[in-house]
file entry-v3.csv (CSV, C-alpha atoms)
chain,number,residue,atom,x,y,z
A,157,MET,CA,115.3,98.4,-15.0
A,158,TRP,CA,114.3,94.8,-15.2
A,159,ARG,CA,117.4,93.9,-13.3
A,160,ASN,CA,116.5,96.3,-10.4
A,161,MET,CA,113.0,94.8,-10.3
A,162,ASP,CA,114.6,91.3,-9.9
A,163,ASN,CA,116.7,92.5,-7.0
A,164,ILE,CA,113.6,93.9,-5.3
A,165,TYR,CA,111.8,90.6,-5.7
A,166,LEU,CA,114.7,88.6,-4.4
A,167,TYR,CA,114.9,90.9,-1.3
A,168,ILE,CA,111.2,90.5,-0.6
A,169,GLY,CA,111.4,86.7,-0.8
A,170,PHE,CA,114.4,86.6,1.5
A,171,CYS,CA,112.5,88.6,4.2
A,172,LEU,CA,109.5,86.3,3.8
A,173,ILE,CA,111.7,83.3,4.4
A,174,LEU,CA,113.2,84.9,7.5
A,175,LEU,CA,109.7,85.8,8.8
A,176,THR,CA,108.5,82.2,8.2
A,177,GLY,CA,111.5,80.8,10.1
A,178,CYS,CA,110.9,83.1,13.1
A,179,ALA,CA,107.2,82.2,13.2
A,180,GLU,CA,108.1,78.5,13.3
A,181,LYS,CA,110.6,78.9,16.2
A,182,PRO,CA,109.1,77.5,19.5
A,183,ALA,CA,108.4,80.1,22.3
A,184,GLU,CA,110.7,80.1,25.4
A,185,PRO,CA,109.0,78.7,28.6
A,186,SER,CA,107.9,81.2,31.3
A,187,ALA,CA,109.8,81.5,34.6
A,188,PRO,CA,108.4,79.3,37.4
A,189,ALA,CA,106.5,80.9,40.4
A,190,PRO,CA,108.8,81.7,43.3
A,191,GLN,CA,108.7,79.3,46.2
A,192,VAL,CA,107.8,80.5,49.7
A,193,GLU,CA,107.3,78.7,53.0
A,194,VAL,CA,103.9,79.1,54.6
A,195,ILE,CA,102.0,78.1,57.8
A,196,THR,CA,98.3,77.5,58.1
A,197,VAL,CA,96.6,79.7,60.7
A,198,THR,CA,95.1,77.8,63.6
A,199,THR,CA,93.6,78.6,67.0
A,200,GLN,CA,94.6,77.2,70.4
A,201,ALA,CA,94.1,77.7,74.1
A,202,ILE,CA,97.1,79.3,75.7
A,203,GLN,CA,98.0,80.6,79.1
A,204,ASP,CA,97.8,84.4,79.0
A,205,GLU,CA,100.4,85.6,81.5
A,206,PRO,CA,100.9,89.4,81.6
A,207,GLU,CA,104.0,90.8,83.3
A,208,PHE,CA,104.2,93.9,85.4
A,209,ILE,CA,106.8,95.7,87.5
A,210,GLY,CA,106.4,95.3,91.3
A,211,GLN,CA,108.1,96.4,94.5
A,212,THR,CA,108.7,94.3,97.5
A,213,GLU,CA,107.4,95.3,101.0
A,214,ALA,CA,107.7,93.8,104.4
A,215,PHE,CA,104.7,91.9,105.6
A,216,ARG,CA,104.5,93.9,108.8
A,217,PRO,CA,106.7,97.0,109.3
A,218,VAL,CA,106.3,97.5,113.0
A,219,GLU,CA,107.2,100.9,114.5
A,220,ILE,CA,108.9,101.0,117.9
A,221,ARG,CA,107.8,104.0,120.0
A,222,SER,CA,108.0,104.7,123.7
A,223,GLN,CA,104.9,104.9,125.8
A,224,VAL,CA,106.6,107.3,128.3
A,225,SER,CA,108.7,110.4,128.0
A,226,GLY,CA,112.2,110.2,129.4
A,227,ILE,CA,115.9,109.8,128.8
A,228,ILE,CA,117.3,106.7,127.0
A,229,LYS,CA,119.5,104.9,129.4
A,230,LYS,CA,120.5,101.9,127.3
A,231,VAL,CA,120.1,100.5,123.8
A,232,LEU,CA,120.0,96.7,124.2
A,233,PHE,CA,120.0,95.4,120.6
A,234,THR,CA,122.4,95.2,117.6
A,235,GLU,CA,121.1,97.1,114.6
A,236,GLY,CA,120.3,95.2,111.4
A,237,ARG,CA,119.9,91.8,113.1
A,238,ASN,CA,117.0,89.3,113.5
A,239,ILE,CA,115.3,89.5,116.8
A,240,LYS,CA,112.5,87.5,118.5
A,241,GLU,CA,109.3,88.7,120.1
A,242,GLY,CA,110.0,89.8,123.7
A,243,SER,CA,113.7,90.7,123.1
A,244,PRO,CA,114.8,93.8,125.1
A,245,LEU,CA,115.4,96.9,122.9
A,246,TYR,CA,115.6,100.1,125.0
A,247,LEU,CA,115.7,101.1,128.6
A,248,ILE,CA,114.3,104.5,129.6
A,249,ASP,CA,115.7,105.8,132.9
A,250,PRO,CA,113.2,104.2,135.4
A,251,VAL,CA,114.2,106.1,138.6
A,252,PRO,CA,111.5,108.9,138.4
A,253,PHE,CA,108.9,106.3,137.3
A,254,ARG,CA,109.7,104.0,140.2
A,255,ALA,CA,109.4,106.9,142.6
A,256,ILE,CA,106.0,107.8,141.2
A,257,TYR,CA,104.9,104.2,141.5
A,258,LEU,CA,106.0,103.8,145.1
A,259,SER,CA,104.3,107.1,145.9
A,260,THR,CA,101.0,105.8,144.4
A,261,LYS,CA,101.4,102.6,146.3
A,262,ALA,CA,101.7,104.5,149.5
A,263,ARG,CA,98.6,106.5,148.7
A,264,VAL,CA,96.7,103.3,148.1
A,265,ALA,CA,97.7,102.0,151.5
A,266,GLN,CA,96.6,105.3,153.1
A,267,ALA,CA,93.2,105.1,151.3
A,268,GLU,CA,92.7,101.5,152.4
A,269,ALA,CA,93.4,102.5,156.1
A,270,ARG,CA,90.9,105.4,155.8
A,271,LEU,CA,88.3,103.1,154.4
A,272,VAL,CA,88.8,100.7,157.2
A,273,LEU,CA,88.4,103.4,159.8
A,274,ALA,CA,85.3,104.8,158.1
A,275,ARG,CA,83.6,101.4,158.1
A,276,GLN,CA,84.4,101.0,161.8
A,277,ASP,CA,82.9,104.3,162.6
A,278,LEU,CA,79.8,103.4,160.7
A,279,ALA,CA,79.6,100.1,162.5
A,280,ARG,CA,79.7,101.9,165.9
A,281,VAL,CA,77.0,104.5,165.2
A,282,LEU,CA,74.4,102.2,163.6
A,283,PRO,CA,73.5,100.5,166.9
A,284,LEU,CA,73.5,103.8,168.7
A,285,LEU,CA,70.9,105.1,166.3
A,286,GLU,CA,68.5,102.3,167.2
A,287,GLN,CA,69.0,103.3,170.8
A,288,GLN,CA,68.5,106.9,169.9
A,289,ALA,CA,71.9,107.7,171.5
A,290,VAL,CA,73.0,109.5,168.3
A,291,SER,CA,71.2,111.5,165.7
A,292,LYS,CA,70.4,110.5,162.1
A,293,LYS,CA,73.0,113.1,161.0
A,294,ASN,CA,75.8,111.2,162.8
A,295,VAL,CA,74.9,108.1,160.8
A,296,ASP,CA,74.6,110.0,157.5
A,297,ASP,CA,78.1,111.5,158.1
A,298,ALA,CA,79.6,108.1,158.8
A,299,GLN,CA,78.0,106.6,155.6
A,300,ALA,CA,79.3,109.6,153.6
A,301,GLU,CA,82.8,109.0,155.0
A,302,VAL,CA,82.7,105.4,153.9
A,303,ARG,CA,81.7,106.4,150.4
A,304,GLY,CA,84.4,109.1,150.2
A,305,ALA,CA,87.0,106.6,151.5
A,306,LYS,CA,86.0,104.1,148.8
A,307,ALA,CA,86.3,106.8,146.1
A,308,SER,CA,89.7,107.9,147.4
A,309,LEU,CA,90.9,104.3,147.3
A,310,GLU,CA,89.7,103.7,143.7
A,311,ALA,CA,91.4,106.9,142.6
A,312,ALA,CA,94.7,105.9,144.3
A,313,GLN,CA,94.5,102.4,142.8
A,314,ASN,CA,94.0,103.9,139.3
A,315,ASP,CA,97.0,106.2,139.8
A,316,GLN,CA,98.9,103.1,140.9
A,317,VAL,CA,97.9,101.2,137.8
A,318,LYS,CA,99.1,104.1,135.6
A,319,ALA,CA,102.3,104.4,137.5
A,320,LYS,CA,103.0,100.7,137.2
A,321,PHE,CA,102.2,100.9,133.5
A,322,ASP,CA,104.7,103.7,133.0
A,323,LEU,CA,107.4,101.9,135.1
A,324,ASP,CA,106.9,98.7,133.1
A,325,ASN,CA,107.2,100.6,129.8
A,326,THR,CA,110.6,102.1,130.6
A,327,ALA,CA,111.8,98.7,129.4
A,328,ILE,CA,110.9,98.5,125.7
A,329,SER,CA,110.8,95.0,124.1
A,330,ALA,CA,110.2,93.6,120.6
A,331,PRO,CA,106.4,93.0,119.9
A,332,VAL,CA,107.1,90.7,117.0
A,333,ASN,CA,109.7,88.5,115.4
A,334,GLY,CA,111.6,90.2,112.5
A,335,ARG,CA,114.7,92.2,111.5
A,336,ILE,CA,115.3,95.5,113.2
A,337,GLY,CA,116.8,98.4,111.4
A,338,ARG,CA,118.9,101.3,112.6
A,339,SER,CA,118.1,103.0,115.9
A,340,HIS,CA,117.1,106.6,115.4
A,341,PHE,CA,118.2,107.6,118.9
A,342,TYR,CA,120.8,106.5,121.4
A,343,GLU,CA,121.8,106.8,125.1
A,344,GLY,CA,121.2,110.2,126.7
A,345,ARG,CA,118.5,111.3,124.2
A,346,LEU,CA,115.2,112.8,125.6
A,347,ILE,CA,112.3,111.2,123.8
A,348,SER,CA,108.6,112.0,123.8
A,349,ALA,CA,105.9,109.5,124.6
A,350,GLN,CA,104.1,108.0,121.5
A,351,GLU,CA,105.7,110.6,119.2
A,352,THR,CA,109.3,109.7,118.8
A,353,LEU,CA,110.0,106.8,116.4
A,354,LEU,CA,112.9,104.8,117.8
A,355,ALA,CA,113.3,102.0,115.3
A,356,THR,CA,111.4,99.7,112.9
A,357,ILE,CA,111.1,95.9,112.9
A,358,ASP,CA,110.3,94.3,109.5
A,359,GLN,CA,108.6,91.0,109.5
A,360,LEU,CA,110.1,89.2,106.4
A,361,ASP,CA,108.0,86.0,106.3
A,362,PRO,CA,105.9,86.2,104.3
A,363,MET,CA,106.6,89.1,102.0
A,364,TYR,CA,104.4,91.4,100.0
A,365,VAL,CA,104.9,92.6,96.4
A,366,ASN,CA,102.9,95.6,95.2
A,367,VAL,CA,102.0,95.7,91.5
A,368,SER,CA,100.6,98.8,89.7
A,369,VAL,CA,98.3,97.8,86.8
A,370,PRO,CA,97.5,100.4,84.1
A,371,GLU,CA,93.9,101.4,83.5
A,372,SER,CA,94.2,100.6,79.8
A,373,TYR,CA,95.1,97.0,80.7
A,374,LEU,CA,92.1,96.6,83.0
A,375,LEU,CA,89.7,97.9,80.4
A,376,ARG,CA,91.1,95.6,77.7
A,377,ARG,CA,91.0,92.6,80.0
A,378,ARG,CA,87.4,93.3,81.0
A,379,ARG,CA,86.4,93.5,77.3
A,380,GLU,CA,88.2,90.3,76.5
A,381,ILE,CA,86.5,88.5,79.3
A,382,ALA,CA,83.1,89.8,78.2
A,383,GLU,CA,83.8,88.6,74.7
A,384,HIS,CA,84.8,85.2,76.0
A,385,LYS,CA,88.3,85.6,74.5
A,386,VAL,CA,89.8,85.1,77.9
A,387,GLU,CA,88.8,83.1,80.9
A,388,ARG,CA,90.1,83.5,84.5
A,389,PRO,CA,89.3,82.1,88.0
A,390,ASP,CA,88.3,84.2,91.0
A,391,ILE,CA,90.6,87.2,91.1
A,392,PHE,CA,92.1,86.1,94.5
A,393,GLN,CA,93.1,82.8,93.0
A,394,LEU,CA,95.5,84.5,90.6
A,395,ARG,CA,99.1,83.5,91.2
A,396,GLY,CA,102.4,85.4,90.6
A,397,VAL,CA,105.9,84.4,89.5
A,398,MET,CA,108.6,86.8,90.7
A,399,THR,CA,111.8,87.5,88.7
A,400,PHE,CA,114.6,89.5,90.2
A,401,SER,CA,116.6,92.2,88.4
A,402,ASP,CA,119.4,89.7,87.6
A,403,GLY,CA,116.9,87.4,85.8
A,404,SER,CA,116.7,84.8,88.5
A,405,VAL,CA,113.3,83.4,89.3
A,406,TYR,CA,112.0,83.1,92.9
A,407,PRO,CA,111.3,79.4,93.5
A,408,GLN,CA,107.9,79.8,95.1
A,409,GLU,CA,104.7,81.4,93.7
A,410,GLY,CA,102.7,84.1,95.3
A,411,VAL,CA,99.0,84.6,95.6
A,412,LEU,CA,97.0,87.8,95.0
A,413,ASP,CA,95.5,88.8,98.4
A,414,PHE,CA,94.5,92.4,97.8
A,415,ALA,CA,93.3,94.7,95.1
A,416,ASP,CA,92.8,98.4,95.7
A,417,VAL,CA,89.3,99.8,95.5
A,418,ALA,CA,90.2,102.9,93.5
A,419,LEU,CA,92.7,104.0,90.8
A,420,ARG,CA,95.5,106.3,91.7
A,421,PRO,CA,94.7,109.5,89.9
A,422,GLU,CA,98.4,110.6,89.7
A,423,THR,CA,99.4,107.5,87.8
A,424,GLY,CA,96.1,106.0,86.4
A,425,THR,CA,96.9,102.6,87.9
A,426,LEU,CA,95.3,100.2,90.2
A,427,GLN,CA,97.5,98.6,92.9
A,428,GLY,CA,97.4,94.9,93.6
A,429,ARG,CA,99.3,93.0,96.2
A,430,PHE,CA,100.8,89.5,96.1
A,431,VAL,CA,101.9,87.6,99.2
A,432,PHE,CA,105.0,85.3,98.8
A,433,PRO,CA,106.3,82.8,101.4
A,434,ASN,CA,109.8,83.7,102.6
A,435,PRO,CA,111.0,81.0,104.9
A,436,GLU,CA,114.6,82.4,104.6
A,437,GLY,CA,113.4,85.7,106.1
A,438,ALA,CA,114.5,84.2,109.5
A,439,PHE,CA,118.0,83.6,108.2
A,440,ALA,CA,120.9,85.9,109.1
A,441,PRO,CA,121.1,89.0,107.0
A,442,GLY,CA,122.6,88.4,103.5
A,443,GLN,CA,121.2,84.9,103.2
A,444,SER,CA,117.6,85.6,102.2
A,445,TYR,CA,116.3,85.9,98.6
A,446,PHE,CA,114.8,89.4,98.7
A,447,TYR,CA,114.5,92.5,100.8
A,448,PRO,CA,111.8,95.2,101.2
A,449,GLY,CA,112.1,97.9,98.5
A,450,GLN,CA,113.4,95.7,95.7
A,451,PHE,CA,112.0,96.2,92.1
A,452,VAL,CA,111.0,92.9,90.6
A,453,LYS,CA,108.8,91.6,87.7
A,454,ILE,CA,105.6,89.7,88.5
A,455,ARG,CA,104.2,87.3,85.8
A,456,ILE,CA,100.5,86.7,86.6
A,457,LYS,CA,99.2,83.2,86.1
A,458,GLY,CA,95.6,82.1,85.9
A,459,TYR,CA,94.3,83.7,82.7
A,460,THR,CA,93.5,81.5,79.7
A,461,ARG,CA,93.1,82.8,76.1
A,462,THR,CA,90.6,80.3,74.5
A,463,GLU,CA,91.1,80.9,70.7
A,464,ALA,CA,94.5,82.4,70.3
A,465,ILE,CA,96.2,82.8,67.0
A,466,LEU,CA,100.0,82.5,67.2
A,467,ILE,CA,102.4,83.0,64.2
A,468,PRO,CA,106.2,83.1,64.1
A,469,GLN,CA,107.8,86.5,64.8
A,470,ARG,CA,109.6,86.3,61.5
A,471,ALA,CA,106.3,86.3,59.6
A,472,VAL,CA,105.4,89.7,60.9
A,473,GLN,CA,106.8,92.6,58.9
A,474,GLN,CA,106.8,96.3,59.8
A,475,GLY,CA,105.8,99.1,57.4
A,476,PRO,CA,104.9,102.8,57.6
A,477,SER,CA,101.3,102.0,58.6
A,478,GLY,CA,102.2,99.3,61.2
A,479,SER,CA,102.5,95.5,61.2
A,480,PHE,CA,101.6,93.3,58.2
A,481,VAL,CA,102.0,89.8,56.9
A,482,TYR,CA,101.8,88.2,53.5
A,483,VAL,CA,98.7,85.9,53.1
A,484,ILE,CA,98.4,83.4,50.2
A,485,ASP,CA,94.9,83.4,48.6
A,486,LYS,CA,93.1,80.5,46.9
A,487,GLU,CA,94.8,81.4,43.6
A,488,ASP,CA,98.3,81.2,45.2
A,489,LYS,CA,98.7,84.9,45.0
A,490,ALA,CA,100.5,86.9,47.7
A,491,GLU,CA,98.4,89.5,49.5
A,492,LEU,CA,99.7,92.1,51.9
A,493,ARG,CA,97.5,92.1,55.1
A,494,ALA,CA,97.6,94.6,57.9
A,495,ILE,CA,97.4,92.9,61.4
A,496,ARG,CA,97.4,93.9,65.1
A,497,ALA,CA,99.9,91.9,67.2
A,498,SER,CA,99.5,92.4,71.0
A,499,MET,CA,102.1,90.4,72.8
A,500,TRP,CA,104.7,87.7,72.2
A,501,ARG,CA,105.3,84.2,73.5
A,502,GLY,CA,108.8,83.1,73.0
A,503,LYS,CA,109.3,83.3,69.2
A,504,GLU,CA,105.6,83.8,68.3
A,505,TRP,CA,103.3,86.8,68.1
A,506,LEU,CA,99.8,86.8,69.4
A,507,ILE,CA,97.6,88.2,66.7
A,508,GLU,CA,94.5,90.1,67.8
A,509,GLU,CA,93.1,91.2,64.4
A,510,GLY,CA,93.7,90.6,60.7
A,511,LEU,CA,93.9,86.8,60.4
A,512,ARG,CA,91.4,84.0,60.3
A,513,PRO,CA,91.8,80.2,60.9
A,514,GLY,CA,92.7,78.3,57.8
A,515,GLU,CA,94.6,81.1,56.0
A,516,GLN,CA,98.1,80.6,54.8
A,517,VAL,CA,100.8,83.1,56.0
A,518,VAL,CA,104.3,83.4,54.5
A,519,VAL,CA,107.1,82.7,56.9
A,520,GLU,CA,110.2,82.4,54.5
A,521,GLY,CA,110.9,83.9,51.1
A,522,PHE,CA,109.7,87.4,51.5
A,523,PHE,CA,112.3,88.8,49.0
A,524,ARG,CA,110.7,86.7,46.2
A,525,ILE,CA,107.2,88.1,46.8
A,526,ILE,CA,105.5,90.7,44.5
A,527,PRO,CA,102.1,91.6,45.9
A,528,GLY,CA,99.4,90.2,43.6
A,529,ALA,CA,101.9,87.8,41.8
A,530,LYS,CA,101.6,84.0,42.0
A,531,VAL,CA,103.9,82.1,44.3
A,532,ASP,CA,104.5,78.4,45.0
A,533,PRO,CA,103.6,77.8,48.7
A,534,VAL,CA,105.2,74.9,50.5
A,535,PRO,CA,104.7,74.0,54.2
A,536,HIS,CA,107.2,75.6,56.7
A,537,GLN,CA,109.2,73.2,58.8
A,538,LYS,CA,108.8,74.4,62.4
A,539,GLU,CA,111.7,74.5,64.8
A,540,PRO,CA,111.6,72.5,68.0
A,541,ALA,CA,109.4,74.3,70.5
A,542,ALA,CA,111.1,75.9,73.4
A,543,SER,CA,109.4,76.7,76.7
A,544,ALA,CA,108.5,80.4,76.8
A,545,HIS,CA,106.3,82.6,78.8
A,546,SER,CA,104.0,85.4,77.5
A,547,SER,CA,104.7,89.0,78.4
A,548,GLU,CA,102.9,92.2,77.9
A,549,GLU,CA,105.4,93.7,75.4
A,550,PRO,CA,103.6,96.1,73.0
A,551,ASN,CA,103.9,95.5,69.3
A,552,PRO,CA,106.7,97.8,68.1

call {"tool": "encode", "arguments": {"input": "entry-v3.csv", "output": "structure tokens"}}
result
Amino acid sequence: MWRNMDNIYLYIGFCLILLTGCAEKPAEPSAPAPQVEVITVTTQAIQDEPEFIGQTEAFRPVEIRSQVSGIIKKVLFTEGRNIKEGSPLYLIDPVPFRAIYLSTKARVAQAEARLVLARQDLARVLPLLEQQAVSKKNVDDAQAEVRGAKASLEAAQNDQVKAKFDLDNTAISAPVNGRIGRSHFYEGRLISAQETLLATIDQLDPMYVNVSVPESYLLRRRREIAEHKVERPDIFQLRGVMTFSDGSVYPQEGVLDFADVALRPETGTLQGRFVFPNPEGAFAPGQSYFYPGQFVKIRIKGYTRTEAILIPQRAVQQGPSGSFVYVIDKEDKAELRAIRASMWRGKEWLIEEGLRPGEQVVVEGFFRIIPGAKVDPVPHQKEPAASAHSSEEPNP
């Protein structure tokens, strides 16, 4: 029995020695906070240059119509070529119009002869009235004949003017410089005066570009200007940069010269129009930059965003509830922050809501972050800035 008690005491002592040894063993050091790269949020003034789809249009699409009805005798131009003002285009058969003109010319001569005779008769009877050799009625009849002859002459002269006008308009010429399209009618076709469209001449210098601006953009822009977030000059000082479908940029800028007075109810957009110089419009077909009917992109210049917040695109993450970033608080803890990003410039997002100047936003090291846990923030080394333009791309 005493031997068993000794064994128990020995076992208890051995455990105490082990516990004492464990208590004296130094604690292992804790893991260091994960390192992340951050940027400090700042504000800056930037050019706010929204982009819209536009369609080109000829400066003056001039319709060619005949002033007289008749048969087309000749087509005097080559379709699809540049023509100058005054160039002959069509010849309407002039024979019937020349006959009418000569007939009216003869009637004018006849009326002139009648007027001369009436004046001579009046000149003869007036002295006889003083001598009471003729009655007052004879004088009145002579005066009435003069007035009638004058009226007949004026009517004949008006008919002659109309006949000369019709005869002259059997030869149709170009009213402007431009490029003429296809002829809708050819030799032998009967055409109606002022109704039949023969062809169209497009003036290509300058050129118009029509842009449709959504109502939502107009309302947002008005709110931003009222809140002094955006500044702009007079609306008709806004400029446009045109980009073609292949990505090439037109070398000259356009100017806004028209804004519609009402929204289009079928699309909910307001139409604006830019005018672009096009000196190559006078070149031969195939050598000019653009044609009427092309779809292009117009980047509008003139707006300035005064206190813009830009952060790298890589800093913006996407979640089920939308866009968010990681913000480092004063205790170096990572906080998930919802934001609203409206458009991008090159490799940076423009942030509308969610961030304030002076805050630190994580750019690199997201996989090391646990929301609410401490991190080791270090400044992010920015890449060399590349020239970029803003665009109205919505935040995905």

call {"tool": "residues_around", "arguments": {"input": "entry-v3.csv", "residues": "Thr352 of chain A", "least_positions_apart": "6", "cutoff": "9 Å", "atoms": "all atoms listed in the file", "output": "list of chain:residue names"}}
result
A:Ile220, A:Arg221, A:Ser222

call {"tool": "residues_around", "arguments": {"input": "entry-v3.csv", "residues": "Arg512 of chain A", "least_positions_apart": "3", "cutoff": "8 Å", "atoms": "all atoms listed in the file", "output": "VMD selection string"}}
result
chain A and resid 197 to 198 515

call {"tool": "residues_around", "arguments": {"input": "entry-v3.csv", "residues": "Lys293 of chain A", "least_positions_apart": "5", "cutoff": "12 Å", "atoms": "all atoms listed in the file", "output": "list in words"}}
result
Leu278, Val281, Leu282, Leu285, Gln288, Ala298, Gln299 and Ala300 of chain A

call {"tool": "closest_residue", "arguments": {"input": "entry-v3.csv", "among": "A:Gln211, A:Ser308, A:Ser225, A:Thr460", "to": "Ala269 of chain A", "atoms": "all atoms listed in the file"}}
result
A:Ser308

call {"tool": "closest_residue", "arguments": {"input": "entry-v3.csv", "among": "A:His384, A:Arg420, A:Arg501, A:Arg524", "to": "Glu463 of chain A", "atoms": "only C-alpha atoms"}}
result
A:His384

call {"tool": "atom_distance", "arguments": {"input": "entry-v3.csv", "atom1": "atom CA of Glu436 of chain A", "atom2": "atom CA of Ala214 of chain A"}}
result
13.3 Å

call {"tool": "closest_residue", "arguments": {"input": "entry-v3.csv", "among": "A:Pro533, A:Gly334, A:Pro362, A:Gly528", "to": "Gln408 of chain A", "atoms": "only C-alpha atoms"}}
result
A:Pro362

call {"tool": "atom_distance", "arguments": {"input": "entry-v3.csv", "atom1": "atom CA of Val397 of chain A", "atom2": "atom CA of Ala497 of chain A"}}
result
24.3 Å

call {"tool": "closest_residue", "arguments": {"input": "entry-v3.csv", "among": "A:Lys489, A:Arg338, A:Arg395, A:Arg461", "to": "Pro190 of chain A", "atoms": "all atoms listed in the file"}}
result
A:Lys489

call {"tool": "atom_distance", "arguments": {"input": "entry-v3.csv", "atom1": "atom CA of Met363 of chain A", "atom2": "atom CA of Gly410 of chain A"}}
result
9.2 Å

call {"tool": "closest_residue", "arguments": {"input": "entry-v3.csv", "among": "A:Gln516, A:Gln191, A:Thr212, A:Ser243", "to": "Pro448 of chain A", "atoms": "only C-alpha atoms"}}
result
A:Thr212

call {"tool": "residues_around", "arguments": {"input": "entry-v3.csv", "residues": "Glu491 of chain A", "least_positions_apart": "2", "cutoff": "8 Å", "atoms": "all atoms listed in the file", "output": "list in words"}}
result
Tyr482, Val483, Ile484, Asp485, Lys489, Arg493, Pro527 and Gly528 of chain A

call {"tool": "residues_around", "arguments": {"input": "entry-v3.csv", "residues": "segment 464-472 of chain A", "least_positions_apart": "4", "cutoff": "7 Å", "atoms": "all atoms listed in the file", "output": "ChimeraX atom specification"}}
result
/A:198-202,479-481,503-507,518-519

call {"tool": "closest_residue", "arguments": {"input": "entry-v3.csv", "among": "A:Asp402, A:Glu387, A:Glu422, A:Asp204", "to": "Pro370 of chain A", "atoms": "only C-alpha atoms"}}
result
A:Glu422
